[in-house]
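Q: My questions will all concern the structure given below.
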Amino acid sequence: MNFKKNASLITGSLLTMSLLLSACSGNNNNSSNSSPAASQPASSAAESPSAPASESASQSAAPEGDVQSKVKPVEFSLFVNYDWYTAPTWEERPHAKWITDNLQVTLKPVQSNGAAAQKLNTMIVANELPDVIVLDKGKDVERLQQAGKLVALDPYLEKYPEYVEVVGEQTLNMLRSSDGKLYQLPNWFINGDKGNGNAAYLVEKKIYKALGSPALETWEDLEAYLKLVKEKYPDVVPLDFGEVRGEGTDVQMMGMLYSGAGENLTGAFISPGGNYGIPNGNALTSIYQDQAFKDTALYSSKLFRQGLTSSDMFTQTRDQILEKLKTGKIAVFGAYDAVVEGIGREANNQLKAKDPEDGYEVVWPFHKSGVDKNKVFPSGFNTLGWNVNVITTSAKDPEAIFSYYNWASSPQGQQILFFGPPGLFYDTVEDGVPIPNDAYINRDPKKYDELKIGEFNWSGNTAYVDSTKGKREKLLPLEAQDWTTVGQANVSFVTSMDVTQYSNLEPAPNSEEGIILQRLRDMHKQLIPKIFFAKSDEEVLSLIDKADKEATKIGYDKALKWKTDVWQANLKSMQAQ
């Protein structure tokens with residue numbers, strides 16, 4: 001099936017299928033740096049978004065009940081441990097104002113200023129930690145816990161049983177630290193069997209149409225199209241990907257393409273920050289001996305040396321990528337962190353605002369010939385969620401902060417945090433669904449995004465948001481349906497693999513396995529650019545063979561044995577609950 005046919009199916013099927021929506025991939029970030037919030041919503045909105053909702057509307061947002069009534073007034077600081085994240089002001093967000101007015105809760109962002117790791121280390125050394133930190137699960141959490149800097153949350157679980165019910169006991173148990181205690185509150189957790197994911201490929205619509213809308217499904221299709229783009233549009237990057245992550249070890253081009261190199265694969269398998277091992281039977285085995293990894297390396301190098309990909313792939317920042325997307329200077333783009341609800345959405349809406357026929361379309365992931373397209377999974381989701389919140393010992397009233405998260409994770413809290421306060425883009429709620437009003441139906445997508453409705457939702461409840469936003473979307477006419485909704489429901493969610501069983505595969509940094517993995521990462525970081533810059537297929541295979549031998553010397557087998565043991569323990573734990 002070619003891209004042109006996919007596009008029509010995506011639009012039409014939205015009326016008949018049950019939509020799934022959420023804000024963030026389990027691999028991925030759920031926000032991107034974007035322009036400052038506008039002072040007004042869509043042109044048809046009746047009031048400024050910063051204006052307080054009417055008393056009756058405020059009452060209807062979240063009916064008085066046990067969860068809301070348990071929230072204790074509190075002001076707390078929050079630091080998000082990502083270089084790319086810049087928090088907007090709390091006071092200027094309409095949903096944040098509702099929270100302050102109705103719950104007497106105020107959040108004070110601490111900015112990373114593009115250097116999150118350094119900022120966190122500085123705060124640790126100075127013993128001036130913020131009250132709450134949002135960060136990846138794993139080594140940094142354990143480092144803080146072992147240093148006695150985190151508050152154990154178990155005493156609050158009995159007092160706030162709503163939290164256990166909405167998150168799920170299995171998820172909370174898998175987030176416990178080695179001492180058996182719970183220190184982490186998950187963000188974008190999944191309590192149920194429906195996953196999410198935002199990894200996807202985007203195709204620039206005007207360029208695609210001008211080049212005859214050729215078939216775009218296999219690696220061969222993709223390569224032929226990229227050559228055509230290079231010939232006809234010399235000022236456009238034929239193929240580009242999200243920024244390199246994981247201290248330079250996680251190249252998104254490799255991860256995205258790897259998912260199409262075989263069946264039932266996903267980029268986390270080859271990521272040094274993920275599995276860094278291929279599931280084979282009951283063991284994780286070397287990526288350097290994996291044929292799909294070799295095929296991916298060969299194809300990536302081939303595209304790179306033909307000039308079909310970005311020449312600055314290893315150095316470009318997220319902002320630089322976004323700028324190219326917003327000006328339509330990337331013909332095909334792939335990324336696995338928030339592309340559908342983040343930078344892809346922003347770029348699409350900006351292009352479409354200038355020309356209704358322009359923008360980006362989410363397409364089915366590319367794959368090798370012979371691979372079943374329904375078994376290609378560039379996204380991975382984890383029921384434990386994307387990242388976690390920890391409450392530090394700097395907090396004066398940790399229970400008050402927990403009481404807020406208890407509310408924020410509930411349907412009541414998610415309604416305000418994700419859909420905004422009542423009286424802005426909905427006036428009534430029916431069967432738990434905020435009914436879109438004229439302001440939402442006639443919204444300007446770009447201005448709507450600038451309001452950052454949904455910002456500060458670091459307690460995302462995927463099951464609630466998926467089902468509720470899906471139901472809301474079906475109430476809208478086709479022209480008012482959300483670009484992200486369509487792309488997620490028809491592509492990124494259904495090409496997302498449940499990788500919960502591979503959780504917690506990161507050993508302590510100072511352990512023998514942790515030291516081995518760091519040495520392996522250093523080696524891998526040097527290997528991947530060499531693969532891209534290789535002058536022939538033979539050189540690529542030689543590089544991988546040398547890496548395999550070097551990894552064995554470093555102790556890759558020992559690290560894989562440790563990861564395999566944790567993986568098998570996860571499986572037993574999940575089966576027992």
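Chain labels run A, B, ... following the order of the structure tokens; each chain numbers its residues from 1, and ligands are numbered from 1 in the order shown.
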Pull the helix (DSSP H, G or I) assignments for region 242-359 of chain A out of DSSP run on the backbone, and list those residues as a PyMOL selection string.

A: chain A and resi 252-258+267-269+287-289+291-305+318-326+343-354

Q: Write the residues of the selection above to a file with N, CA and C atoms, as a short mmCIF file (atom, residue, chain, number, x, y, z; two decimals), in the first residue's frame.

A:
```cif
data_model
loop_
_atom_site.label_atom_id
_atom_site.label_comp_id
_atom_site.auth_asym_id
_atom_site.auth_seq_id
_atom_site.Cartn_x
_atom_site.Cartn_y
_atom_site.Cartn_z
N GLN A 252 19.10 7.65 16.52
CA GLN A 252 17.71 7.31 16.22
C GLN A 252 17.54 6.71 14.83
N MET A 253 18.39 7.07 13.89
CA MET A 253 18.31 6.46 12.56
C MET A 253 18.48 4.95 12.66
N MET A 254 19.45 4.51 13.46
CA MET A 254 19.69 3.08 13.62
C MET A 254 18.50 2.40 14.30
N GLY A 255 17.99 3.02 15.34
CA GLY A 255 16.88 2.42 16.08
C GLY A 255 15.62 2.32 15.26
N MET A 256 15.30 3.40 14.53
CA MET A 256 14.09 3.39 13.70
C MET A 256 14.20 2.36 12.59
N LEU A 257 15.31 2.35 11.88
CA LEU A 257 15.46 1.41 10.77
C LEU A 257 15.56 -0.03 11.26
N TYR A 258 16.17 -0.24 12.42
CA TYR A 258 16.30 -1.60 12.96
C TYR A 258 14.93 -2.27 13.12
N GLY A 267 13.67 -0.64 18.45
CA GLY A 267 14.95 0.02 18.62
C GLY A 267 15.59 -0.16 19.98
N ALA A 268 14.77 -0.37 21.02
CA ALA A 268 15.33 -0.54 22.37
C ALA A 268 16.24 -1.75 22.47
N PHE A 269 16.06 -2.72 21.59
CA PHE A 269 16.90 -3.93 21.65
C PHE A 269 18.37 -3.61 21.42
N ILE A 287 24.33 -7.75 20.28
CA ILE A 287 23.79 -7.06 19.10
C ILE A 287 24.76 -7.16 17.93
N TYR A 288 26.03 -7.34 18.22
CA TYR A 288 27.03 -7.37 17.15
C TYR A 288 27.04 -8.69 16.38
N GLN A 289 26.30 -9.68 16.90
CA GLN A 289 26.14 -10.95 16.20
C GLN A 289 24.75 -11.09 15.58
N GLN A 291 21.90 -10.48 12.90
CA GLN A 291 21.85 -10.19 11.47
C GLN A 291 21.04 -8.94 11.18
N ALA A 292 19.97 -8.72 11.93
CA ALA A 292 19.15 -7.52 11.71
C ALA A 292 19.96 -6.26 12.01
N PHE A 293 20.80 -6.30 13.03
CA PHE A 293 21.66 -5.15 13.33
C PHE A 293 22.64 -4.91 12.19
N LYS A 294 23.22 -5.98 11.68
CA LYS A 294 24.16 -5.84 10.56
C LYS A 294 23.46 -5.28 9.33
N ASP A 295 22.25 -5.77 9.04
CA ASP A 295 21.51 -5.26 7.88
C ASP A 295 21.19 -3.78 8.04
N THR A 296 20.84 -3.40 9.26
CA THR A 296 20.54 -1.99 9.54
C THR A 296 21.77 -1.13 9.35
N ALA A 297 22.89 -1.61 9.84
CA ALA A 297 24.14 -0.86 9.69
C ALA A 297 24.52 -0.70 8.22
N LEU A 298 24.36 -1.75 7.45
CA LEU A 298 24.68 -1.69 6.02
C LEU A 298 23.79 -0.69 5.30
N TYR A 299 22.50 -0.73 5.59
CA TYR A 299 21.55 0.17 4.91
C TYR A 299 21.78 1.62 5.33
N SER A 300 22.02 1.83 6.62
CA SER A 300 22.26 3.19 7.11
C SER A 300 23.50 3.80 6.47
N SER A 301 24.58 3.02 6.43
CA SER A 301 25.82 3.49 5.83
C SER A 301 25.64 3.79 4.34
N LYS A 302 24.89 2.94 3.68
CA LYS A 302 24.64 3.11 2.24
C LYS A 302 23.91 4.44 1.98
N LEU A 303 22.88 4.72 2.76
CA LEU A 303 22.14 5.97 2.58
C LEU A 303 23.02 7.17 2.89
N PHE A 304 23.83 7.05 3.92
CA PHE A 304 24.67 8.17 4.35
C PHE A 304 25.72 8.50 3.29
N ARG A 305 26.39 7.48 2.76
CA ARG A 305 27.45 7.76 1.79
C ARG A 305 26.91 8.20 0.44
N ARG A 318 17.95 19.34 18.86
CA ARG A 318 16.50 19.24 18.65
C ARG A 318 15.95 20.52 18.03
N ASP A 319 16.44 21.67 18.50
CA ASP A 319 15.95 22.94 17.97
C ASP A 319 16.33 23.10 16.50
N GLN A 320 17.52 22.66 16.13
CA GLN A 320 17.94 22.76 14.73
C GLN A 320 17.09 21.86 13.84
N ILE A 321 16.76 20.68 14.34
CA ILE A 321 15.90 19.76 13.59
C ILE A 321 14.51 20.36 13.43
N LEU A 322 13.98 20.91 14.51
CA LEU A 322 12.64 21.51 14.46
C LEU A 322 12.59 22.65 13.46
N GLU A 323 13.64 23.45 13.40
CA GLU A 323 13.66 24.57 12.46
C GLU A 323 13.57 24.07 11.01
N LYS A 324 14.29 22.99 10.70
CA LYS A 324 14.21 22.42 9.36
C LYS A 324 12.82 21.88 9.07
N LEU A 325 12.23 21.22 10.07
CA LEU A 325 10.88 20.67 9.88
C LEU A 325 9.87 21.79 9.65
N LYS A 326 9.96 22.85 10.43
CA LYS A 326 8.99 23.94 10.33
C LYS A 326 9.05 24.67 9.00
N ILE A 343 7.51 17.62 18.22
CA ILE A 343 8.05 18.48 17.15
C ILE A 343 7.37 18.25 15.81
N GLY A 344 6.91 17.03 15.56
CA GLY A 344 6.19 16.79 14.31
C GLY A 344 4.89 17.55 14.25
N ARG A 345 4.19 17.55 15.36
CA ARG A 345 2.92 18.27 15.44
C ARG A 345 3.14 19.77 15.24
N GLU A 346 4.15 20.31 15.91
CA GLU A 346 4.41 21.74 15.81
C GLU A 346 4.77 22.13 14.39
N ALA A 347 5.62 21.31 13.75
CA ALA A 347 6.03 21.61 12.37
C ALA A 347 4.85 21.51 11.42
N ASN A 348 4.05 20.47 11.56
CA ASN A 348 2.89 20.29 10.69
C ASN A 348 1.93 21.47 10.80
N ASN A 349 1.63 21.86 12.03
CA ASN A 349 0.67 22.95 12.22
C ASN A 349 1.19 24.27 11.66
N GLN A 350 2.51 24.49 11.78
CA GLN A 350 3.07 25.74 11.26
C GLN A 350 3.02 25.77 9.73
N LEU A 351 3.38 24.65 9.10
CA LEU A 351 3.33 24.60 7.64
C LEU A 351 1.89 24.73 7.13
N LYS A 352 0.98 24.06 7.81
CA LYS A 352 -0.41 24.07 7.39
C LYS A 352 -1.03 25.46 7.57
N ALA A 353 -0.57 26.20 8.58
CA ALA A 353 -1.09 27.56 8.79
C ALA A 353 -0.73 28.47 7.62
N LYS A 354 0.42 28.22 6.99
CA LYS A 354 0.85 29.01 5.84
C LYS A 354 0.19 28.53 4.56
#
```

Q: Write out as a VMD selection string all residues of region 179-384 of chain A that backbone DSSP assigns to strand (DSSP E).

A: chain A and resid 184 to 187 200 to 204 237 to 241 278 to 280 283 to 285 330 to 335 360 to 363 379 to 381

Q: Compile a residue-level contact table for region 299-386 of chain A against region 485-508 of chain A at a cut-off of 8 Å, reporting for every qualifying residue the shortest atom pair and its distance in Å to one decimal, with only C-alpha atoms counted, rows ordered by chain and ascending number, as CSV.

A:
```
residue,atom,partner,partner_atom,distance
A:Val340,CA,A:Gly487,CA,6.7
A:Glu361,CA,A:Gly487,CA,7.8
A:Val362,CA,A:Gly487,CA,5.5
A:Val363,CA,A:Val491,CA,6.8
A:Trp364,CA,A:Val491,CA,6.0
A:Pro365,CA,A:Thr495,CA,8.0
A:Asn374,CA,A:Thr495,CA,7.5
A:Lys375,CA,A:Thr495,CA,7.7
A:Val376,CA,A:Thr495,CA,6.3
A:Phe377,CA,A:Thr495,CA,4.6
A:Pro378,CA,A:Ser496,CA,6.5
A:Ser379,CA,A:Ser496,CA,4.2
A:Gly380,CA,A:Met497,CA,4.6
A:Phe381,CA,A:Asp498,CA,5.0
A:Asn382,CA,A:Thr500,CA,4.5
A:Thr383,CA,A:Thr500,CA,5.9
A:Leu384,CA,A:Thr500,CA,7.0
```

Q: Using only C-alpha atoms, please write the residues we just selected to a file, as an mmCIF file, in the first residue's frame.

A:
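Once written, result-v1.cif looks like this:
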```cif
data_model
loop_
_atom_site.group_PDB
_atom_site.id
_atom_site.type_symbol
_atom_site.label_atom_id
_atom_site.label_comp_id
_atom_site.auth_asym_id
_atom_site.auth_seq_id
_atom_site.Cartn_x
_atom_site.Cartn_y
_atom_site.Cartn_z
ATOM 1 C CA VAL A 340 3.676 12.705 16.734
ATOM 2 C CA GLU A 361 1.744 13.075 7.165
ATOM 3 C CA VAL A 362 2.376 10.203 9.538
ATOM 4 C CA VAL A 363 3.116 7.061 7.492
ATOM 5 C CA TRP A 364 3.503 3.366 8.206
ATOM 6 C CA PRO A 365 7.090 2.475 9.206
ATOM 7 C CA ASN A 374 2.182 -5.643 10.795
ATOM 8 C CA LYS A 375 5.159 -6.888 12.803
ATOM 9 C CA VAL A 376 7.231 -3.697 12.604
ATOM 10 C CA PHE A 377 7.480 -1.781 15.890
ATOM 11 C CA PRO A 378 9.525 1.447 15.968
ATOM 12 C CA SER A 379 7.720 2.389 19.200
ATOM 13 C CA GLY A 380 8.039 0.662 22.521
ATOM 14 C CA PHE A 381 5.720 1.224 25.449
ATOM 15 C CA ASN A 382 6.161 0.322 29.078
ATOM 16 C CA THR A 383 3.300 -0.028 31.540
ATOM 17 C CA LEU A 384 5.644 1.557 34.086
#
```

Q: Have a look at A:Gly359, A:Gly420, A:Pro94, A:Pro88 and name the one nearest to Lys108 (chain A); count only C-alpha atoms.

A: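 Residue with the minimum atom-to-atom distance to Lys108 (chain A): A:Pro88.
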
Q: Find, counting only C-alpha atoms, the residue in A:Tyr464, A:Phe76, A:Phe189, A:Tyr160 that gets nearest to Val388 (chain A).

A: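 For Val388 (chain A), the nearest of the given residues is A:Phe189.
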
Q: Excluding Leu543 (chain A) and any residue of its chain fewer than 3 positions from it, enumerate the residues within 9 Å of it, using only C-alpha atoms, and give them as a PyMOL selection string.

A: chain A and resi 527+530-531+534+538-540+546-548

Q: Pick the closest to Val203 (chain A) from A:Ile401, A:Ile330, A:Ile528, A:Ala569: which is it, counting only C-alpha atoms?

A: A:Ile330

Q: Between CA of Val74 (chain A) and CA of Asn113 (chain A), what is the spacing in Å?

A: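 Value for the CA of Asn113 (chain A)-CA of Val74 (chain A) distance: 25.5 Å.
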
Q: Could you give me, as a tab-separated table, a per-residue list for region 261-355 of chain A showing, wherever an atom lies at most 7 Å from an atom of region 233-243 of chain A, the closest pair of atoms and their distance in Å to one decimal, using only C-alpha atoms and sorting by chain then residue number from low to high?

A:
```
residue	atom	partner	partner_atom	distance
A:Leu308	CA	A:Pro238	CA	5.5
A:Thr309	CA	A:Leu239	CA	4.7
A:Ser310	CA	A:Asp240	CA	5.7
A:Gln316	CA	A:Glu243	CA	6.3
A:Thr317	CA	A:Glu243	CA	5.9
A:Arg318	CA	A:Glu243	CA	5.9
A:Lys329	CA	A:Val236	CA	4.6
A:Ile330	CA	A:Val237	CA	4.8
A:Ala331	CA	A:Pro238	CA	5.0
A:Val332	CA	A:Leu239	CA	4.8
A:Phe333	CA	A:Asp240	CA	5.0
A:Gly334	CA	A:Phe241	CA	4.7
A:Ala335	CA	A:Gly242	CA	4.8
```

Q: Name all residues at most 12 Å from Lys149 (chain A) (count only C-alpha atoms; drop same-chain ones fewer than 6 positions away) and give them as a list in words.

A: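 In the requested format, the answer is Met123, Ile124, Val125, Asn127, Glu128, Leu129, Pro130, Asp131, Val132, Ile133, Asp140, Val141, Glu142, Arg143, Tyr183, Val390, Ile391, Thr392, Thr393, Ser394 and Ala395 of chain A.
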
Q: Considering only C-alpha atoms, state which residue in the set A:Gln481, A:Glu75, A:Asp179, A:Glu165 is at the smallest distance from Gln146 (chain A).

A: A:Asp179
